[in-house]
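Have a look at structure.cif below; it lists mmCIF, C-alpha atoms, pLDDT in the B column; chains and numbers go by the auth columns.
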```cif
data_work
#
loop_
_atom_site.group_PDB
_atom_site.id
_atom_site.type_symbol
_atom_site.label_atom_id
_atom_site.label_comp_id
_atom_site.label_asym_id
_atom_site.label_seq_id
_atom_site.Cartn_x
_atom_site.Cartn_y
_atom_site.Cartn_z
_atom_site.B_iso_or_equiv
_atom_site.auth_seq_id
_atom_site.auth_asym_id
ATOM 1 C CA MET A 1 110.639 23.633 48.364 79.00 1337 A
ATOM 2 C CA ASP A 2 113.276 20.890 48.169 91.00 1338 A
ATOM 3 C CA LYS A 3 112.115 17.673 49.840 94.00 1339 A
ATOM 4 C CA PHE A 4 113.797 14.304 50.386 95.00 1340 A
ATOM 5 C CA ILE A 5 112.045 11.370 52.104 95.00 1341 A
ATOM 6 C CA TYR A 6 113.746 8.003 52.665 95.00 1342 A
ATOM 7 C CA LYS A 7 112.162 4.704 53.748 94.00 1343 A
ATOM 8 C CA LYS A 8 113.509 1.144 54.032 91.00 1344 A
ATOM 9 C CA SER A 9 111.897 -2.260 53.554 91.00 1345 A
ATOM 10 C CA ALA A 10 112.850 -5.715 52.265 89.00 1346 A
ATOM 11 C CA GLY A 11 116.534 -4.825 52.240 88.00 1347 A
ATOM 12 C CA ILE A 12 116.187 -1.778 50.007 92.00 1348 A
ATOM 13 C CA THR A 13 116.038 1.979 50.525 94.00 1349 A
ATOM 14 C CA ALA A 14 113.494 4.119 48.674 96.00 1350 A
ATOM 15 C CA LEU A 15 113.706 7.867 48.082 96.00 1351 A
ATOM 16 C CA SER A 16 110.949 10.287 47.111 97.00 1352 A
ATOM 17 C CA ALA A 17 112.403 13.657 46.157 97.00 1353 A
ATOM 18 C CA SER A 18 111.338 17.058 44.882 97.00 1354 A
ATOM 19 C CA LEU A 19 113.934 19.713 44.175 95.00 1355 A
ATOM 20 C CA SER A 20 114.436 22.929 42.289 95.00 1356 A
ATOM 21 C CA GLU A 21 117.345 24.738 43.952 93.00 1357 A
ATOM 22 C CA PHE A 22 119.384 21.876 45.382 95.00 1358 A
ATOM 23 C CA GLN A 23 122.235 20.350 43.382 96.00 1359 A
ATOM 24 C CA TYR A 24 123.984 17.092 44.275 96.00 1360 A
ATOM 25 C CA ALA A 25 127.760 17.173 44.514 93.00 1361 A
ATOM 26 C CA LYS A 26 129.722 14.524 42.621 93.00 1362 A
ATOM 27 C CA HIS A 27 129.260 11.255 44.480 94.00 1363 A
ATOM 28 C CA SER A 28 128.600 7.560 44.077 93.00 1364 A
ATOM 29 C CA HIS A 29 126.676 4.864 45.939 94.00 1365 A
ATOM 30 C CA GLU A 30 127.612 1.375 47.043 92.00 1366 A
ATOM 31 C CA GLU A 31 124.251 0.113 45.796 95.00 1367 A
ATOM 32 C CA TYR A 32 122.495 -0.139 42.473 97.00 1368 A
ATOM 33 C CA ALA A 33 120.368 3.006 42.176 97.00 1369 A
ATOM 34 C CA LEU A 34 117.237 2.814 40.013 98.00 1370 A
ATOM 35 C CA GLY A 35 114.848 5.706 39.615 97.00 1371 A
ATOM 36 C CA VAL A 36 111.967 7.281 37.697 98.00 1372 A
ATOM 37 C CA THR A 37 111.620 10.950 36.764 98.00 1373 A
ATOM 38 C CA LEU A 38 108.014 11.908 37.520 98.00 1374 A
ATOM 39 C CA ARG A 39 108.086 15.598 36.579 97.00 1375 A
ATOM 40 C CA GLY A 40 110.546 17.951 34.938 97.00 1376 A
ATOM 41 C CA VAL A 41 113.962 17.187 33.486 98.00 1377 A
ATOM 42 C CA GLN A 42 116.713 15.746 35.673 97.00 1378 A
ATOM 43 C CA GLN A 43 120.253 16.382 34.450 97.00 1379 A
ATOM 44 C CA TYR A 44 123.580 14.966 35.588 97.00 1380 A
ATOM 45 C CA HIS A 45 127.126 14.233 34.513 95.00 1381 A
ATOM 46 C CA LEU A 46 127.952 10.540 34.235 93.00 1382 A
ATOM 47 C CA ASP A 47 131.047 8.789 32.886 86.00 1383 A
ATOM 48 C CA GLY A 48 132.186 11.853 30.992 83.00 1384 A
ATOM 49 C CA SER A 49 128.827 12.542 29.359 91.00 1385 A
ATOM 50 C CA PHE A 50 125.860 14.790 30.143 96.00 1386 A
ATOM 51 C CA GLN A 51 122.557 12.990 30.692 97.00 1387 A
ATOM 52 C CA SER A 52 118.960 14.204 30.769 97.00 1388 A
ATOM 53 C CA SER A 53 116.085 12.148 32.152 98.00 1389 A
ATOM 54 C CA TYR A 54 112.693 13.419 31.043 98.00 1390 A
ATOM 55 C CA GLN A 55 109.305 12.510 32.479 97.00 1391 A
ATOM 56 C CA ASN A 56 108.895 8.699 32.655 97.00 1392 A
ATOM 57 C CA GLY A 57 112.622 8.196 32.160 97.00 1393 A
ATOM 58 C CA VAL A 58 114.107 5.293 34.145 98.00 1394 A
ATOM 59 C CA MET A 59 117.574 6.154 35.488 98.00 1395 A
ATOM 60 C CA LEU A 60 120.044 3.309 36.039 98.00 1396 A
ATOM 61 C CA PHE A 61 123.271 3.561 38.056 97.00 1397 A
ATOM 62 C CA HIS A 62 125.622 0.724 38.910 95.00 1398 A
ATOM 63 C CA PRO A 63 127.683 0.727 42.166 93.00 1399 A
ATOM 64 C CA GLU A 64 130.464 3.325 42.491 90.00 1400 A
ATOM 65 C CA GLN A 65 129.295 5.141 39.343 93.00 1401 A
ATOM 66 C CA VAL A 66 130.142 8.800 39.926 93.00 1402 A
ATOM 67 C CA HIS A 67 127.433 11.360 39.141 95.00 1403 A
ATOM 68 C CA ASP A 68 125.969 14.660 40.293 96.00 1404 A
ATOM 69 C CA GLY A 69 122.404 15.878 39.711 96.00 1405 A
ATOM 70 C CA ARG A 70 120.091 18.846 39.410 96.00 1406 A
ATOM 71 C CA SER A 71 116.898 20.116 37.834 97.00 1407 A
ATOM 72 C CA GLN A 72 117.191 21.515 34.320 96.00 1408 A
ATOM 73 C CA ASP A 73 115.514 24.739 35.462 95.00 1409 A
ATOM 74 C CA LYS A 74 113.780 26.433 38.391 93.00 1410 A
ATOM 75 C CA THR A 75 110.488 24.650 37.750 95.00 1411 A
ATOM 76 C CA GLY A 76 112.061 21.683 39.511 96.00 1412 A
ATOM 77 C CA ILE A 77 111.788 17.908 39.350 98.00 1413 A
ATOM 78 C CA ASP A 78 109.992 15.116 41.180 98.00 1414 A
ATOM 79 C CA TYR A 79 111.432 11.609 41.149 98.00 1415 A
ATOM 80 C CA VAL A 80 111.717 8.352 43.069 98.00 1416 A
ATOM 81 C CA MET A 81 114.738 6.081 43.527 97.00 1417 A
ATOM 82 C CA VAL A 82 115.349 2.660 45.001 97.00 1418 A
ATOM 83 C CA TYR A 83 118.781 1.582 46.233 97.00 1419 A
ATOM 84 C CA ILE A 84 119.531 -2.147 46.152 97.00 1420 A
ATOM 85 C CA LYS A 85 122.652 -3.754 47.592 95.00 1421 A
ATOM 86 C CA PRO A 86 124.823 -5.335 44.873 94.00 1422 A
ATOM 87 C CA ALA A 87 124.599 -8.893 46.230 94.00 1423 A
ATOM 88 C CA LEU A 88 120.798 -8.723 46.342 95.00 1424 A
ATOM 89 C CA PHE A 89 120.450 -7.175 42.881 95.00 1425 A
ATOM 90 C CA LEU A 90 122.797 -9.719 41.312 95.00 1426 A
ATOM 91 C CA GLU A 91 120.905 -12.569 42.960 94.00 1427 A
ATOM 92 C CA LEU A 92 117.625 -11.203 41.613 93.00 1428 A
ATOM 93 C CA VAL A 93 118.853 -10.836 38.028 93.00 1429 A
ATOM 94 C CA GLY A 94 120.836 -14.087 38.084 92.00 1430 A
ATOM 95 C CA LYS A 95 124.311 -12.612 37.660 91.00 1431 A
ATOM 96 C CA LYS A 96 127.503 -13.492 39.515 88.00 1432 A
ATOM 97 C CA ASP A 97 129.604 -10.405 38.899 87.00 1433 A
ATOM 98 C CA VAL A 98 128.739 -6.732 39.108 88.00 1434 A
ATOM 99 C CA VAL A 99 127.064 -5.544 35.915 92.00 1435 A
ATOM 100 C CA LYS A 100 126.660 -2.123 34.371 93.00 1436 A
ATOM 101 C CA PHE A 101 123.879 -0.782 32.187 95.00 1437 A
ATOM 102 C CA SER A 102 124.468 -0.051 28.518 93.00 1438 A
ATOM 103 C CA SER A 103 122.031 2.893 28.636 95.00 1439 A
ATOM 104 C CA PRO A 104 121.917 5.178 31.706 96.00 1440 A
ATOM 105 C CA VAL A 105 118.341 6.288 30.914 97.00 1441 A
ATOM 106 C CA VAL A 106 115.675 4.072 29.338 97.00 1442 A
ATOM 107 C CA TYR A 107 111.992 4.539 28.544 97.00 1443 A
ATOM 108 C CA HIS A 108 110.449 1.193 29.372 96.00 1444 A
ATOM 109 C CA ARG A 109 106.856 1.320 30.570 96.00 1445 A
ATOM 110 C CA GLU A 110 106.803 -2.020 32.399 96.00 1446 A
ATOM 111 C CA LEU A 111 110.099 -1.362 34.181 96.00 1447 A
ATOM 112 C CA GLU A 112 108.942 2.121 35.109 97.00 1448 A
ATOM 113 C CA GLN A 113 105.651 0.845 36.531 97.00 1449 A
ATOM 114 C CA SER A 114 107.321 -1.937 38.517 97.00 1450 A
ATOM 115 C CA LEU A 115 109.713 0.597 40.065 97.00 1451 A
ATOM 116 C CA LEU A 116 106.811 2.878 40.985 97.00 1452 A
ATOM 117 C CA ASN A 117 104.853 -0.043 42.450 97.00 1453 A
ATOM 118 C CA LEU A 118 107.809 -1.034 44.622 97.00 1454 A
ATOM 119 C CA ALA A 119 108.478 2.517 45.796 96.00 1455 A
ATOM 120 C CA HIS A 120 104.789 3.056 46.585 96.00 1456 A
ATOM 121 C CA ALA A 121 104.671 -0.142 48.642 96.00 1457 A
ATOM 122 C CA VAL A 122 107.731 0.886 50.662 94.00 1458 A
ATOM 123 C CA PHE A 123 106.389 4.377 51.352 94.00 1459 A
ATOM 124 C CA SER A 124 102.938 3.037 52.185 92.00 1460 A
ATOM 125 C CA GLY A 125 104.385 0.711 54.817 91.00 1461 A
ATOM 126 C CA LYS A 126 103.187 -2.458 53.075 93.00 1462 A
ATOM 127 C CA ASP A 127 104.265 -5.830 54.447 93.00 1463 A
ATOM 128 C CA GLU A 128 107.872 -6.731 53.761 93.00 1464 A
ATOM 129 C CA ALA A 129 106.693 -9.920 52.048 94.00 1465 A
ATOM 130 C CA LEU A 130 104.753 -7.874 49.490 95.00 1466 A
ATOM 131 C CA CYS A 131 107.729 -5.551 48.962 94.00 1467 A
ATOM 132 C CA SER A 132 109.919 -8.595 48.338 94.00 1468 A
ATOM 133 C CA GLU A 133 107.479 -9.881 45.711 95.00 1469 A
ATOM 134 C CA LEU A 134 107.421 -6.488 44.007 96.00 1470 A
ATOM 135 C CA LEU A 135 111.209 -6.396 44.102 95.00 1471 A
ATOM 136 C CA LEU A 136 111.332 -9.756 42.323 94.00 1472 A
ATOM 137 C CA ASN A 137 108.821 -8.497 39.763 95.00 1473 A
ATOM 138 C CA LEU A 138 111.056 -5.472 39.168 95.00 1474 A
ATOM 139 C CA ALA A 139 114.057 -7.740 38.622 94.00 1475 A
ATOM 140 C CA ASP A 140 112.181 -9.763 36.011 94.00 1476 A
ATOM 141 C CA HIS A 141 112.000 -6.703 33.734 94.00 1477 A
ATOM 142 C CA PHE A 142 115.793 -6.449 33.635 94.00 1478 A
ATOM 143 C CA SER A 143 115.842 -9.392 31.241 89.00 1479 A
ATOM 144 C CA HIS A 144 114.927 -6.749 28.627 88.00 1480 A
ATOM 145 C CA ILE A 145 117.633 -4.276 29.714 92.00 1481 A
ATOM 146 C CA GLU A 146 121.056 -4.571 28.126 92.00 1482 A
ATOM 147 C CA MET A 147 123.740 -5.155 30.760 92.00 1483 A
ATOM 148 C CA SER A 148 127.413 -6.054 30.605 88.00 1484 A
ATOM 149 C CA SER A 149 130.120 -6.959 33.073 82.00 1485 A
ATOM 150 C CA ALA A 150 131.349 -3.964 35.066 71.00 1486 A
ATOM 151 C CA SER A 151 134.639 -5.674 35.795 62.00 1487 A
ATOM 152 C CA ARG A 152 137.599 -4.260 33.946 58.00 1488 A
ATOM 153 C CA LYS A 153 141.341 -4.305 34.255 51.00 1489 A
ATOM 154 C CA SER A 154 141.356 -1.395 36.641 56.00 1490 A
ATOM 155 C CA ASP A 155 144.780 -0.259 37.733 72.00 1491 A
ATOM 156 C CA MET A 156 145.858 -2.487 40.621 83.00 1492 A
ATOM 157 C CA LEU A 157 147.503 0.535 42.213 87.00 1493 A
ATOM 158 C CA ILE A 158 144.191 2.391 42.248 89.00 1494 A
ATOM 159 C CA ASN A 159 142.492 -0.585 43.876 88.00 1495 A
ATOM 160 C CA LYS A 160 145.234 -0.619 46.511 92.00 1496 A
ATOM 161 C CA ALA A 161 144.725 3.126 47.017 93.00 1497 A
ATOM 162 C CA LYS A 162 141.003 2.557 47.588 92.00 1498 A
ATOM 163 C CA GLU A 163 141.794 -0.067 50.214 92.00 1499 A
ATOM 164 C CA MET A 164 144.134 2.347 51.988 93.00 1500 A
ATOM 165 C CA ILE A 165 141.447 5.030 51.888 93.00 1501 A
ATOM 166 C CA TYR A 166 138.849 2.641 53.341 91.00 1502 A
ATOM 167 C CA PHE A 167 141.199 1.873 56.235 91.00 1503 A
ATOM 168 C CA SER A 168 141.589 5.571 57.032 89.00 1504 A
ATOM 169 C CA LEU A 169 137.933 6.614 57.176 90.00 1505 A
ATOM 170 C CA ASP A 170 138.125 7.360 60.892 87.00 1506 A
ATOM 171 C CA GLY A 171 140.871 9.922 60.376 84.00 1507 A
ATOM 172 C CA VAL A 172 142.226 12.195 57.679 86.00 1508 A
ATOM 173 C CA LEU A 173 143.331 11.460 54.141 90.00 1509 A
ATOM 174 C CA ARG A 174 147.119 11.300 53.938 91.00 1510 A
ATOM 175 C CA LEU A 175 147.914 11.661 50.263 93.00 1511 A
ATOM 176 C CA ASP A 176 151.673 11.641 50.841 93.00 1512 A
ATOM 177 C CA GLU A 177 151.540 8.242 52.557 93.00 1513 A
ATOM 178 C CA ILE A 178 149.354 6.682 49.867 94.00 1514 A
ATOM 179 C CA SER A 179 151.336 8.069 46.942 93.00 1515 A
ATOM 180 C CA THR A 180 154.637 6.981 48.541 94.00 1516 A
ATOM 181 C CA GLU A 181 153.261 3.481 49.079 93.00 1517 A
ATOM 182 C CA LEU A 182 152.265 3.369 45.404 92.00 1518 A
ATOM 183 C CA GLY A 183 155.588 4.718 44.190 93.00 1519 A
ATOM 184 C CA MET A 184 154.105 7.922 42.760 92.00 1520 A
ATOM 185 C CA SER A 185 154.364 11.600 43.488 93.00 1521 A
ATOM 186 C CA LYS A 186 151.325 13.068 45.201 93.00 1522 A
ATOM 187 C CA TYR A 187 150.198 14.833 42.030 93.00 1523 A
ATOM 188 C CA GLN A 188 150.776 11.793 39.825 93.00 1524 A
ATOM 189 C CA PHE A 189 148.535 9.850 42.195 93.00 1525 A
ATOM 190 C CA ILE A 190 145.763 12.464 42.170 94.00 1526 A
ATOM 191 C CA ARG A 191 145.718 12.553 38.371 93.00 1527 A
ATOM 192 C CA ALA A 192 145.787 8.747 38.054 92.00 1528 A
ATOM 193 C CA PHE A 193 143.034 8.252 40.619 93.00 1529 A
ATOM 194 C CA LYS A 194 140.744 10.824 39.015 91.00 1530 A
ATOM 195 C CA ALA A 195 141.355 9.394 35.536 89.00 1531 A
ATOM 196 C CA ASP A 196 140.392 5.919 36.773 87.00 1532 A
ATOM 197 C CA THR A 197 137.390 6.769 38.964 88.00 1533 A
ATOM 198 C CA GLY A 198 136.122 10.110 37.669 88.00 1534 A
ATOM 199 C CA ILE A 199 136.504 11.640 41.104 91.00 1535 A
ATOM 200 C CA SER A 200 139.405 13.029 43.130 93.00 1536 A
ATOM 201 C CA PRO A 201 140.913 11.016 46.009 95.00 1537 A
ATOM 202 C CA TYR A 202 139.650 13.589 48.508 94.00 1538 A
ATOM 203 C CA ARG A 203 136.098 13.517 47.125 94.00 1539 A
ATOM 204 C CA PHE A 204 136.202 9.699 47.103 94.00 1540 A
ATOM 205 C CA PHE A 205 137.418 9.796 50.716 95.00 1541 A
ATOM 206 C CA LEU A 206 134.556 12.086 51.805 94.00 1542 A
ATOM 207 C CA ASN A 207 132.011 10.036 49.871 95.00 1543 A
ATOM 208 C CA SER A 208 133.279 6.830 51.501 95.00 1544 A
ATOM 209 C CA LYS A 209 133.090 8.427 54.965 95.00 1545 A
ATOM 210 C CA VAL A 210 129.474 9.409 54.329 95.00 1546 A
ATOM 211 C CA GLU A 211 128.571 5.928 53.065 94.00 1547 A
ATOM 212 C CA HIS A 212 130.243 4.353 56.107 94.00 1548 A
ATOM 213 C CA ALA A 213 128.437 6.757 58.446 95.00 1549 A
ATOM 214 C CA LYS A 214 125.110 5.881 56.815 94.00 1550 A
ATOM 215 C CA ARG A 215 125.698 2.163 57.388 92.00 1551 A
ATOM 216 C CA LEU A 216 126.598 2.746 61.035 93.00 1552 A
ATOM 217 C CA ILE A 217 123.593 4.989 61.627 91.00 1553 A
ATOM 218 C CA GLU A 218 121.243 2.450 60.060 89.00 1554 A
ATOM 219 C CA LYS A 219 122.749 -0.322 62.183 88.00 1555 A
ATOM 220 C CA ASN A 220 123.136 1.402 65.556 87.00 1556 A
ATOM 221 C CA LYS A 221 120.718 4.360 65.357 86.00 1557 A
ATOM 222 C CA ASP A 222 123.413 6.441 67.084 89.00 1558 A
ATOM 223 C CA ILE A 223 124.254 9.631 65.207 92.00 1559 A
ATOM 224 C CA TYR A 224 127.098 10.759 67.436 92.00 1560 A
ATOM 225 C CA ALA A 225 128.814 7.379 67.452 93.00 1561 A
ATOM 226 C CA ALA A 226 128.909 7.584 63.652 93.00 1562 A
ATOM 227 C CA VAL A 227 130.397 11.090 63.846 94.00 1563 A
ATOM 228 C CA THR A 228 133.247 9.775 65.998 92.00 1564 A
ATOM 229 C CA ALA A 229 133.771 6.501 64.147 93.00 1565 A
ATOM 230 C CA CYS A 230 134.037 8.259 60.787 93.00 1566 A
ATOM 231 C CA GLY A 231 136.320 11.052 61.934 90.00 1567 A
ATOM 232 C CA PHE A 232 133.955 13.974 61.423 92.00 1568 A
ATOM 233 C CA VAL A 233 134.670 17.051 63.535 90.00 1569 A
ATOM 234 C CA ASP A 234 131.096 17.271 64.788 93.00 1570 A
ATOM 235 C CA LEU A 235 127.510 16.579 63.752 93.00 1571 A
ATOM 236 C CA SER A 236 127.302 19.675 61.547 94.00 1572 A
ATOM 237 C CA HIS A 237 130.410 18.474 59.681 94.00 1573 A
ATOM 238 C CA LEU A 238 128.764 15.098 58.988 95.00 1574 A
ATOM 239 C CA ASN A 239 125.461 16.729 58.084 95.00 1575 A
ATOM 240 C CA ARG A 240 127.077 19.058 55.554 94.00 1576 A
ATOM 241 C CA HIS A 241 128.729 16.240 53.627 94.00 1577 A
ATOM 242 C CA PHE A 242 125.760 13.889 54.071 96.00 1578 A
ATOM 243 C CA LYS A 243 123.468 16.472 52.508 95.00 1579 A
ATOM 244 C CA ASN A 244 125.739 16.811 49.456 93.00 1580 A
ATOM 245 C CA VAL A 245 125.175 13.116 48.714 94.00 1581 A
ATOM 246 C CA TYR A 246 121.640 12.455 49.985 95.00 1582 A
ATOM 247 C CA GLY A 247 119.950 15.850 49.888 94.00 1583 A
ATOM 248 C CA THR A 248 119.164 15.638 53.596 94.00 1584 A
ATOM 249 C CA THR A 249 121.061 15.625 56.868 94.00 1585 A
ATOM 250 C CA ALA A 250 122.097 12.421 58.610 92.00 1586 A
ATOM 251 C CA LEU A 251 119.610 13.036 61.415 88.00 1587 A
ATOM 252 C CA GLU A 252 116.758 13.708 58.999 91.00 1588 A
ATOM 253 C CA TYR A 253 117.704 10.575 57.070 91.00 1589 A
ATOM 254 C CA ILE A 254 117.587 8.221 60.028 87.00 1590 A
ATOM 255 C CA SER A 255 114.415 9.917 61.294 86.00 1591 A
ATOM 256 C CA ASN A 256 112.820 9.115 57.910 84.00 1592 A
ATOM 257 C CA ILE A 257 113.727 5.433 57.796 77.00 1593 A
ATOM 258 C CA SER A 258 113.336 4.707 61.523 68.00 1594 A
ATOM 259 C CA SER A 259 110.589 7.102 62.615 59.00 1595 A
ATOM 260 C CA SER A 260 109.017 4.451 64.844 35.00 1596 A
ATOM 261 C CA GLN A 261 112.286 3.703 66.664 39.00 1597 A
ATOM 262 C CA ASN A 262 113.966 5.628 69.425 39.00 1598 A
ATOM 263 C CA ILE A 263 116.968 7.521 68.027 38.00 1599 A
ATOM 264 C CA ARG A 264 119.728 8.710 70.331 37.00 1600 A
ATOM 265 C CA LYS A 265 120.236 12.446 69.827 41.00 1601 A
#
```

Full structure transcribed into structure tokens:
Amino acid sequence: MDKFIYKKSAGITALSASLSEFQYAKHSHEEYALGVTLRGVQQYHLDGSFQSSYQNGVMLFHPEQVHDGRSQDKTGIDYVMVYIKPALFLELVGKKDVVKFSSPVVYHRELEQSLLNLAHAVFSGKDEALCSELLLNLADHFSHIEMSSASRKSDMLINKAKEMIYFSLDGVLRLDEISTELGMSKYQFIRAFKADTGISPYRFFLNSKVEHAKRLIEKNKDIYAAVTACGFVDLSHLNRHFKNVYGTTALEYISNISSSQNIRK
């Protein structure tokens, strides 16, 4: 049975997941996503290549890195992830600009164990102070992981398109308006955007709406306000797209991370 459990502490989100049938749609996260494969073989497309993380593999994703995900076969996979906001991760590893990882999967026993220790502390409800110490210990192991600057001379037009998309998250994606503003035909824009980001403008738009909804839900604990603010037709519409990215519905997600708080339903 597919299972996804999320918890938050010390400014990070932890995920414990088991899946056999479920497959993630192409998506990306605003945070650094770091995980350990506990059982089975996890497979995903990343930056034009096909990756496999075997047992004890440590998976490393930098912000906005597009990927999907599934189990290699019906026997399924178990894994844990932690999601760390870019500013916090960069502070911990002593970097100023966003960095990317040279290897998407590494087999590093100390890094693996520090990730598992942190995830266990979050799921066990340990004091936030302890979780913060374990987070710092995790960061120390990244001195042995090869990283490079993620900044590149990305097309300024694509960056402008992203800004226009962010400003339209409460409505619908108007490709004609964006492409006209950029001086392209609609189809030129779609091709250029996908070549730059690895994802279509529409998929990027949906992914951004889901990420924005998640932030609002975490902040306000109001599911229906997030539905309205992010331009979803109804709760089922939000849940469908939320599940593609997080493996669980928006309501299940906020119930996981705020089970002790009163959630407006």

Problem - Shortest interatomic distance to A:Ala1361 - which of A:Thr1533, A:Gln1524, A:Ser1485, A:Asn1580, counting all atoms listed in the file - result: A:Asn1580

Problem - Best match for closeness to A:Gly1507 among A:Leu1470, A:Cys1566, A:Glu1554, A:Met1520, counting all atoms listed in the file - result: A:Cys1566

Exercise for the section: Find the residues near stretch 1560-1565 of chain A: any atom within 12 Å, counting only C-alpha atoms, skip ones fewer than 5 places away on the same chain, and give them as a PyMOL selection string. Expected result: chain A and resi 1503-1507+1545-1555+1570-1578+1586-1587+1590+1599-1601

Exercise for the section: Can you give me, as a list of chain:residue names, the residues this file yields under the PyMOL selection byres ((chain A and resi 1442) around 10)? Expected result: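 On the file shown, the PyMOL selection byres ((chain A and resi 1442) around 10) covers A:Val1372, A:Ser1389, A:Tyr1390, A:Asn1392, A:Gly1393, A:Val1394, A:Met1395, A:Leu1396, A:Phe1437, A:Ser1438, A:Ser1439, A:Pro1440, A:Val1441, A:Tyr1443, A:His1444, A:Arg1445, A:Leu1447, A:Glu1448, A:Ile1481.
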
Problem - A:Ser1407, A:Ile1348, A:Arg1375, A:His1363 ranked by distance to A:Tyr1538, top pick (using only C-alpha atoms) - result: A:His1363

Expand the PyMOL selection byres ((chain A and resi 1479) around 12) into the individual residues it matches in the shown file, reporting them as a compact mmCIF listing (two decimals) with C-alpha atoms, in the coordinates of the input.
```
# COMPACT_ATOMS: atom_id res chain seq x y z
CA LEU A 1428 117.62 -11.20 41.61
CA VAL A 1429 118.85 -10.84 38.03
CA GLY A 1430 120.84 -14.09 38.08
CA LYS A 1431 124.31 -12.61 37.66
CA PHE A 1437 123.88 -0.78 32.19
CA GLU A 1446 106.80 -2.02 32.40
CA LEU A 1447 110.10 -1.36 34.18
CA LEU A 1472 111.33 -9.76 42.32
CA ASN A 1473 108.82 -8.50 39.76
CA LEU A 1474 111.06 -5.47 39.17
CA ALA A 1475 114.06 -7.74 38.62
CA ASP A 1476 112.18 -9.76 36.01
CA HIS A 1477 112.00 -6.70 33.73
CA PHE A 1478 115.79 -6.45 33.64
CA HIS A 1480 114.93 -6.75 28.63
CA ILE A 1481 117.63 -4.28 29.71
CA GLU A 1482 121.06 -4.57 28.13
CA MET A 1483 123.74 -5.16 30.76
```

Exercise for the section: Could you please determine the separation between atom CA of A:Val1458 and atom CA of A:Thr1349 in Å, to one decimal place? Expected result: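 So the two atoms, atom CA of A:Val1458 and atom CA of A:Thr1349, lie 8.4 Å apart.
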
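The residue that comes closest to A:Asn1543, out of A:Lys1498, A:Lys1344, A:Asp1491, A:Asp1414 and on the basis of all atoms listed in the file, is A:Lys1498.
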
Exercise for the section: Between A:Asp1404, A:Ile1494, A:Asp1433, A:His1381, single out the one closest to A:Gly1519, counting all atoms listed in the file. Expected result: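 Distance minimum relative to A:Gly1519 lands on A:Ile1494.
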
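Between atom CA of A:Gln1359 and atom CA of A:Ile1526 lies a distance of 24.8 Å.
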